[in-house]
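Trainee: Structure file model.cif, mmCIF, C-alpha atoms, is pasted below:
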data_final
loop_
_atom_site.label_atom_id
_atom_site.label_comp_id
_atom_site.auth_asym_id
_atom_site.auth_seq_id
_atom_site.Cartn_x
_atom_site.Cartn_y
_atom_site.Cartn_z
CA MET R 552 104.69 129.00 119.87
CA GLN R 553 108.41 128.23 120.28
CA LEU R 554 109.55 124.75 119.29
CA LYS R 555 111.88 122.69 121.45
CA VAL R 556 115.16 121.76 119.78
CA GLN R 557 118.06 119.47 120.68
CA ASP R 558 121.45 121.11 120.23
CA PHE R 559 124.70 119.18 120.39
CA HIS R 560 126.89 122.26 119.90
CA PRO R 561 126.49 125.85 121.14
CA GLN R 562 126.39 127.17 117.55
CA PRO R 563 124.56 124.58 115.41
CA ARG R 564 125.00 124.66 111.63
CA LEU R 565 123.56 121.29 110.60
CA VAL R 566 119.84 120.70 111.20
CA PHE R 567 118.00 117.38 110.87
CA LEU R 568 114.22 116.99 110.39
CA HIS R 569 112.54 113.59 110.78
CA GLY R 570 109.64 112.00 108.90
CA TRP R 571 105.96 111.24 109.51
CA GLY R 572 104.98 109.23 112.58
CA VAL R 573 108.39 109.35 114.26
CA ASN R 574 110.67 111.90 115.95
CA SER R 575 114.29 112.99 115.83
CA GLY R 576 115.29 109.92 117.83
CA VAL R 577 115.57 108.08 114.51
CA PHE R 578 118.85 109.96 113.89
CA ARG R 579 120.44 109.02 117.24
CA GLY R 580 122.54 106.27 115.67
CA LEU R 581 124.25 108.87 113.48
CA LEU R 582 124.95 111.33 116.27
CA PRO R 583 128.45 110.15 117.36
CA GLN R 584 129.76 110.41 113.79
CA LEU R 585 127.90 113.62 112.99
CA SER R 586 128.99 115.38 116.19
CA ALA R 587 132.61 114.62 115.43
CA HIS R 588 132.43 116.78 112.31
CA TYR R 589 129.42 119.10 112.55
CA ALA R 590 127.57 121.38 114.95
CA VAL R 591 124.27 119.48 115.04
CA ARG R 592 120.67 120.40 115.88
CA PHE R 593 117.74 117.95 115.88
CA ILE R 594 114.22 119.35 115.66
CA ASP R 595 111.02 117.43 116.35
CA LEU R 596 108.43 118.65 113.88
CA PRO R 597 105.38 120.47 115.33
CA GLY R 598 103.06 117.90 116.88
CA PHE R 599 105.76 115.20 117.08
CA GLY R 600 108.12 113.98 119.81
CA SER R 601 109.08 116.70 122.30
CA ASN R 602 106.80 119.10 120.41
CA ASN R 603 103.73 116.86 120.53
CA HIS R 604 101.92 119.43 122.68
CA ILE R 605 101.58 121.67 119.63
CA GLU R 606 98.29 121.34 117.76
CA VAL R 607 98.63 121.76 114.00
CA GLN R 608 95.41 120.41 112.53
CA GLU R 609 93.93 122.65 109.84
CA LEU R 610 97.24 124.48 109.40
CA SER R 611 98.31 125.07 105.80
CA PHE R 612 101.64 123.55 104.81
CA GLU R 613 103.10 127.04 104.47
CA HIS R 614 102.11 128.00 108.02
CA TYR R 615 103.34 124.65 109.34
CA CYS R 616 106.76 125.18 107.77
CA ARG R 617 106.97 128.79 108.90
CA MET R 618 106.77 127.60 112.52
CA LEU R 619 110.25 126.15 111.99
CA ILE R 620 111.92 129.21 110.48
CA PRO R 621 113.08 130.65 113.85
CA CYS R 622 114.78 127.30 114.56
CA ILE R 623 116.92 127.25 111.40
CA PRO R 624 120.26 129.05 111.97
CA LYS R 625 121.25 131.38 109.15
CA GLY R 626 123.68 129.74 106.74
CA ALA R 627 122.86 126.23 107.99
CA ALA R 628 122.79 122.95 106.13
CA LEU R 629 119.34 121.36 106.34
CA ALA R 630 118.79 117.59 106.13
CA GLY R 631 115.25 116.21 106.01
CA TRP R 632 114.02 112.63 105.83
CA SER R 633 110.72 111.64 104.18
CA MET R 634 108.05 114.19 105.24
CA GLY R 635 110.84 116.12 106.96
CA GLY R 636 112.47 116.35 103.55
CA LEU R 637 109.31 117.90 102.15
CA VAL R 638 109.44 120.51 104.91
CA ALA R 639 113.19 120.98 104.37
CA GLN R 640 112.70 121.63 100.65
CA TYR R 641 110.16 124.35 101.42
CA LEU R 642 112.39 125.94 104.06
CA ALA R 643 115.47 125.79 101.82
CA SER R 644 113.56 127.78 99.22
CA HIS R 645 112.38 130.40 101.72
CA PRO R 646 114.39 133.65 101.70
CA GLU R 647 114.13 134.08 105.49
CA CYS R 648 116.02 130.84 106.14
CA HIS R 649 119.25 131.44 104.19
CA VAL R 650 119.88 127.67 103.94
CA GLN R 651 123.25 126.94 102.31
CA ARG R 652 122.93 123.18 101.74
CA LEU R 653 119.96 120.83 101.41
CA VAL R 654 119.98 117.06 101.91
CA ALA R 655 116.72 115.32 100.98
CA ILE R 656 116.70 111.74 102.30
CA CYS R 657 114.14 109.47 100.63
CA SER R 658 112.09 112.55 99.92
CA THR R 659 110.81 114.26 96.80
CA PRO R 660 108.92 117.49 96.16
CA SER R 661 105.69 115.49 95.66
CA PHE R 662 104.96 112.16 97.37
CA MET R 663 101.88 111.05 95.42
CA GLN R 664 102.01 108.91 92.30
CA GLU R 665 100.61 110.91 89.42
CA ASN R 666 100.76 110.23 85.66
CA GLN R 667 104.48 109.65 85.00
CA TRP R 668 105.55 110.80 88.46
CA PRO R 669 106.48 107.86 90.75
CA GLY R 670 105.37 107.90 94.37
CA ILE R 671 102.89 106.51 96.88
CA LYS R 672 99.76 105.12 95.25
CA PRO R 673 96.78 107.34 96.22
CA HIS R 674 94.75 104.43 97.62
CA VAL R 675 97.62 103.49 99.99
CA LEU R 676 97.76 106.93 101.60
CA GLU R 677 93.98 107.23 101.64
CA GLY R 678 93.88 103.87 103.43
CA PHE R 679 96.23 105.21 106.13
CA GLN R 680 94.01 108.27 106.54
CA VAL R 681 90.94 106.08 107.13
CA GLN R 682 92.78 103.63 109.39
CA LEU R 683 94.23 106.44 111.50
CA LEU R 684 90.71 107.29 112.64
CA GLN R 685 90.03 103.67 113.56
CA ASN R 686 93.23 102.49 115.23
CA PHE R 687 95.95 105.03 115.98
CA GLU R 688 98.67 102.63 117.15
CA LYS R 689 98.08 99.90 114.56
CA THR R 690 98.20 102.42 111.71
CA LEU R 691 101.44 103.93 112.95
CA ASP R 692 103.04 100.50 113.42
CA ARG R 693 102.05 99.45 109.90
CA PHE R 694 103.59 102.59 108.45
CA LEU R 695 106.83 101.99 110.36
CA ALA R 696 106.95 98.44 108.99
CA ILE R 697 106.65 99.72 105.41
CA GLN R 698 109.62 102.01 106.00
CA ALA R 699 111.88 99.02 106.63
CA MET R 700 110.32 96.70 104.03
CA GLY R 701 112.74 95.54 101.34
CA SER R 702 115.92 96.16 103.32
CA GLU R 703 118.23 93.20 103.91
CA THR R 704 118.07 94.02 107.62
CA ALA R 705 114.34 94.87 107.69
CA LYS R 706 113.57 93.08 110.97
CA GLN R 707 116.38 94.81 112.88
CA ASP R 708 115.67 98.14 111.17
CA LEU R 709 112.04 98.03 112.26
CA LYS R 710 113.05 97.16 115.82
CA THR R 711 115.47 100.12 115.86
CA ILE R 712 112.89 102.55 114.49
CA ARG R 713 110.26 101.42 117.01
CA GLN R 714 112.66 101.76 119.94
CA GLN R 715 113.80 105.21 118.89
CA VAL R 716 110.25 106.45 118.28
CA HIS R 717 108.97 105.30 121.66
CA ALA R 718 112.00 106.72 123.47
CA GLY R 719 111.54 110.13 121.84
CA GLY R 720 107.79 110.50 122.40
CA MET R 721 104.76 109.84 120.24
CA ALA R 722 103.06 112.29 117.90
CA ASN R 723 99.62 113.69 118.63
CA HIS R 724 96.71 112.49 116.52
CA GLY R 725 96.13 115.85 114.84
CA ALA R 726 99.74 116.07 113.65
CA LEU R 727 99.59 112.56 112.19
CA ALA R 728 96.35 113.34 110.34
CA GLN R 729 97.64 116.69 109.08
CA GLY R 730 100.95 115.13 108.03
CA LEU R 731 99.15 112.56 105.87
CA ASP R 732 97.23 115.41 104.29
CA TYR R 733 100.51 117.18 103.43
CA LEU R 734 101.94 114.01 101.91
CA HIS R 735 98.77 113.61 99.88
CA ASN R 736 98.41 117.18 98.60
CA VAL R 737 101.67 119.16 98.74
CA ASP R 738 103.52 119.55 95.45
CA LEU R 739 106.73 121.59 95.52
CA ARG R 740 107.89 120.72 92.01
CA PRO R 741 107.42 124.34 90.86
CA LEU R 742 110.30 125.26 93.23
CA LEU R 743 112.79 123.27 91.17
CA PRO R 744 115.49 124.00 90.42
CA SER R 745 116.02 127.73 90.73
CA LYS R 746 114.96 128.31 94.35
CA LEU R 747 116.99 125.55 96.03
CA PRO R 748 120.59 125.75 97.29
CA LYS R 749 123.23 123.11 96.56
CA THR R 750 121.33 119.85 97.01
CA LEU R 751 122.03 116.19 97.74
CA ARG R 752 119.26 113.64 97.23
CA ILE R 753 119.63 110.14 98.70
CA PHE R 754 117.33 107.25 97.76
CA GLY R 755 117.06 103.57 98.71
CA SER R 756 116.88 101.04 95.89
CA GLN R 757 114.20 99.02 97.72
CA ASP R 758 112.10 101.95 98.96
CA SER R 759 108.39 101.35 98.31
CA LEU R 760 107.30 104.78 99.57
CA VAL R 761 109.72 106.90 97.52
CA PRO R 762 110.70 104.55 94.66
CA LYS R 763 114.13 104.80 93.08
CA ALA R 764 112.45 105.79 89.80
CA SER R 765 111.99 109.18 91.48
CA ALA R 766 115.73 109.78 91.06
CA ALA R 767 115.48 109.99 87.27
CA GLN R 768 112.53 112.38 87.50
CA ILE R 769 114.39 114.56 90.00
CA GLN R 770 117.42 114.77 87.73
CA ARG R 771 115.20 116.08 84.94
CA LEU R 772 113.66 118.72 87.22
CA ASP R 773 116.83 119.61 89.09
CA PRO R 774 119.85 118.63 86.97
CA ASP R 775 122.30 120.30 89.36
CA ALA R 776 121.27 118.12 92.31
CA ILE R 777 123.66 115.34 93.37
CA VAL R 778 121.72 112.07 93.42
CA HIS R 779 122.72 108.78 95.08
CA ILE R 780 120.79 105.51 95.29
CA ILE R 781 121.94 103.24 98.12
CA ASP R 782 121.75 99.63 96.98
CA LYS R 783 119.56 97.24 99.00
CA ALA R 784 118.36 100.06 101.26
CA SER R 785 114.70 100.83 101.90
CA HIS R 786 113.11 104.03 103.26
CA ALA R 787 115.55 104.50 106.16
CA PRO R 788 119.06 104.09 104.65
CA PHE R 789 120.72 105.95 107.55
CA ILE R 790 119.54 103.08 109.79
CA SER R 791 120.06 100.09 107.48
CA HIS R 792 123.23 101.36 105.74
CA PRO R 793 124.79 103.99 108.03
CA ARG R 794 128.33 103.61 106.64
CA GLN R 795 127.30 104.17 103.03
CA PHE R 796 124.94 106.95 104.05
CA LEU R 797 127.64 108.82 105.98
CA GLU R 798 130.19 108.40 103.18
CA ILE R 799 127.80 110.07 100.73
CA PHE R 800 126.76 112.71 103.25
CA ASN R 801 130.32 113.61 104.29
CA GLN R 802 131.51 113.85 100.70
CA PHE R 803 128.72 116.31 99.96
CA MET R 804 129.46 118.32 103.12
CA ALA R 805 133.26 118.25 102.76
CA ASP R 806 133.64 121.94 101.87
CA PHE R 807 130.81 123.26 104.04
#
Can you present the structure in this file as C-alpha cells?
Mentor:
Amino acid sequence: MQLKVQDFHPQPRLVFLHGWGVNSGVFRGLLPQLSAHYAVRFIDLPGFGSNNHIEVQELSFEHYCRMLIPCIPKGAALAGWSMGGLVAQYLASHPECHVQRLVAICSTPSFMQENQWPGIKPHVLEGFQVQLLQNFEKTLDRFLAIQAMGSETAKQDLKTIRQQVHAGGMANHGALAQGLDYLHNVDLRPLLPSKLPKTLRIFGSQDSLVPKASAAQIQRLDPDAIVHIIDKASHAPFISHPRQFLEIFNQFMADF
C-alpha cells in the first residue's frame, strides 16, 4: 500500500520521520528554515497522521520499515525523531535505500533500559501498553506530556505538540499498540557502526525517555557519529530549542 507523503520541493532530498503518537506536523515549525536550504519531504509513519488508514498490527519491525523504502529518495538525508529515529536507523542501514546522511533526534538503537544501557524503564512502557487498552486519549496525552517534561518551556512545548498532532490527524489504535511493541523489543545495536552512513545524534539534557547518558554509550558503539546534547532541552529539542537545533543540523548538513 502506497504511503502519502508531503513534499515541499519537486525533488526532495531531506526526509523527516516523526515519533510515536504524533505525526509529521511536529516538524512544521522548522519548515520555513528547512525549505530555505533543503528539498524537504515529510512522511507520516504507517498508521499515523495522513496514513492512519493503514493497519500495521502484527507486522514485524522489518516489514513495517520496508513499507517506507519506496518513499526514501536515493541519496537522501534521513532525519528521524524518537520512534521515527529507530525506523530511520533501520532504513539507513538497508542497501535498497542508499541513505547518505542520518540524523537521529532523541533516538537510540534500543529504547529499553537494560543492564548498563540507559533508556525507558520497562515498567513505564508496559504501563503505557496496559493503559492504551483502557483509555486511548488519556494514554496518548500522558505520553505527550512526558516528551516536554524537564524543558524550561515545557508548558508551551506541550501546547505546541498537542496542536500540531491534532491538526495533522490522529494515529489508529493498532499503530499505537504496535509502535509501543517496537519500542519495547527492537534492538538495532548490532547495526553499529559499520552499516550506518555519516550520522548526527542529537539529545536533550533533560530528556527522561532517551536520557543523555545514552550519548556516552552511543559514542562507544559508534565512535564516528557526531553527538550533541542540547542543554535544558527535553525530548523535543526542535520545538523547545529550534535555534540551537538548526545550528547543529545545518553544520552537519553543510556539505550535503
Trainee: Extract, using only C-alpha atoms, all DNA, RNA and protein residues at most 10 Å from R:Phe578, discarding same-chain residues fewer than 5 positions from it, and format them as a ChimeraX atom specification.
Mentor: /R:567-569,585,593,632,712,715,789-790
Trainee: Can you list, as a PDB file with C-alpha atoms, keeping the file's coordinate frame, every protein, DNA or RNA residue that comes within 9 Å of R:Tyr641 when you count all atoms listed in the file, leaving out same-chain residues fewer than 5 positions away?
Mentor:
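Saved file part23.pdb follows:
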ATOM      1  CA  GLU R 613     103.100 127.040 104.470  1.00  0.00           C
ATOM      2  CA  CYS R 616     106.760 125.180 107.770  1.00  0.00           C
ATOM      3  CA  GLY R 636     112.470 116.350 103.550  1.00  0.00           C
ATOM      4  CA  PRO R 660     108.920 117.490  96.160  1.00  0.00           C
ATOM      5  CA  LEU R 739     106.730 121.590  95.520  1.00  0.00           C
ATOM      6  CA  LEU R 742     110.300 125.260  93.230  1.00  0.00           C
ATOM      7  CA  LEU R 747     116.990 125.550  96.030  1.00  0.00           C
TER       8      LEU R 747
END
Trainee: Name the residues in contact with R:Ala643 at a cut-off of 9 Å, using all atoms listed in the file, excluding same-chain residues fewer than 6 positions from it; report them as a list in words.
Mentor: Ala628, Leu629, His649, Val650, Gln651, Arg652, Leu653, Lys746, Leu747 and Pro748 of chain R
Trainee: Could you tell me which residues the PyMOL selection byres ((chain R and resi 560) around 10) returns for this structure, as number ranges by chain?
Mentor: R: 557-559, 561-565, 586, 589-592
Trainee: Would you write out, as CSV, a table of all residues in stretch 557-665 of chain R that have an atom no more than 9 Å from an atom of stretch 759-778 of chain R, listing for each the closest atom pair and the distance in Å to one decimal, considering only C-alpha atoms and ordering rows by chain and rising residue number?
Mentor:
residue,atom,partner,partner_atom,distance
R:Ser633,CA,R:Val761,CA,8.2
R:Cys657,CA,R:Val761,CA,6.0
R:Ser658,CA,R:Val761,CA,6.6
R:Thr659,CA,R:Ser765,CA,7.4
R:Pro660,CA,R:Ile769,CA,8.7
R:Phe662,CA,R:Val761,CA,7.1
Trainee: Measure the distance from atom CA of R:Leu683 to atom CA of R:Ile656 in Å and round it to one decimal.
Mentor: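 About the pair atom CA of R:Leu683 and atom CA of R:Ile656: they are 24.9 Å apart.
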Trainee: Atom CA of R:Val556 to atom CA of R:Cys622: how many Å, to one decimal?
Mentor: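 The value is 7.6 Å.
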Trainee: Quick one, how far is atom CA of R:Val654 from atom CA of R:Gly598?
Mentor: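 Computed distance, atom CA of R:Val654 to atom CA of R:Gly598, equals 22.6 Å.
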Trainee: Could you pull the residues within 6 Å of stretch 701-711 of chain R, counting only C-alpha atoms, minus those fewer than 2 positions along the same chain, as a list in words?
Mentor: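 So, after excluding close chain neighbours, the residues are Ala699, Arg713, Gln714, Gln757, Lys783, Ala784 and Ser785 of chain R.
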Trainee: Using all atoms listed in the file, which residue out of R:Met618, R:Leu596, R:Ala787, R:Leu734 lies closest to R:Gly670?
Mentor: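 That would be R:Leu734, the residue with the smallest distance to R:Gly670.
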Trainee: Hey, which of R:Gln795, R:Gly725, R:Gly720, R:Gly572 ends up closest to R:Thr690? Count all atoms listed in the file.
Mentor: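 Among R:Gln795, R:Gly725, R:Gly720, R:Gly572, it is R:Gly572 that comes nearest to R:Thr690.
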Trainee: Rank R:Gln553, R:Asp782, R:Leu691, R:Phe599 by their smallest atom-to-atom distance to R:Gly635, using only C-alpha atoms, and report the top residue only.
Mentor: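 Closest candidate: R:Phe599.
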Trainee: Would you please work out which residue, of R:Met700, R:Met804, R:Val675, R:Leu743, is nearest to R:His786 when using all atoms listed in the file?
Mentor: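 Of the candidates, the smallest distance to R:His786 is held by R:Met700.
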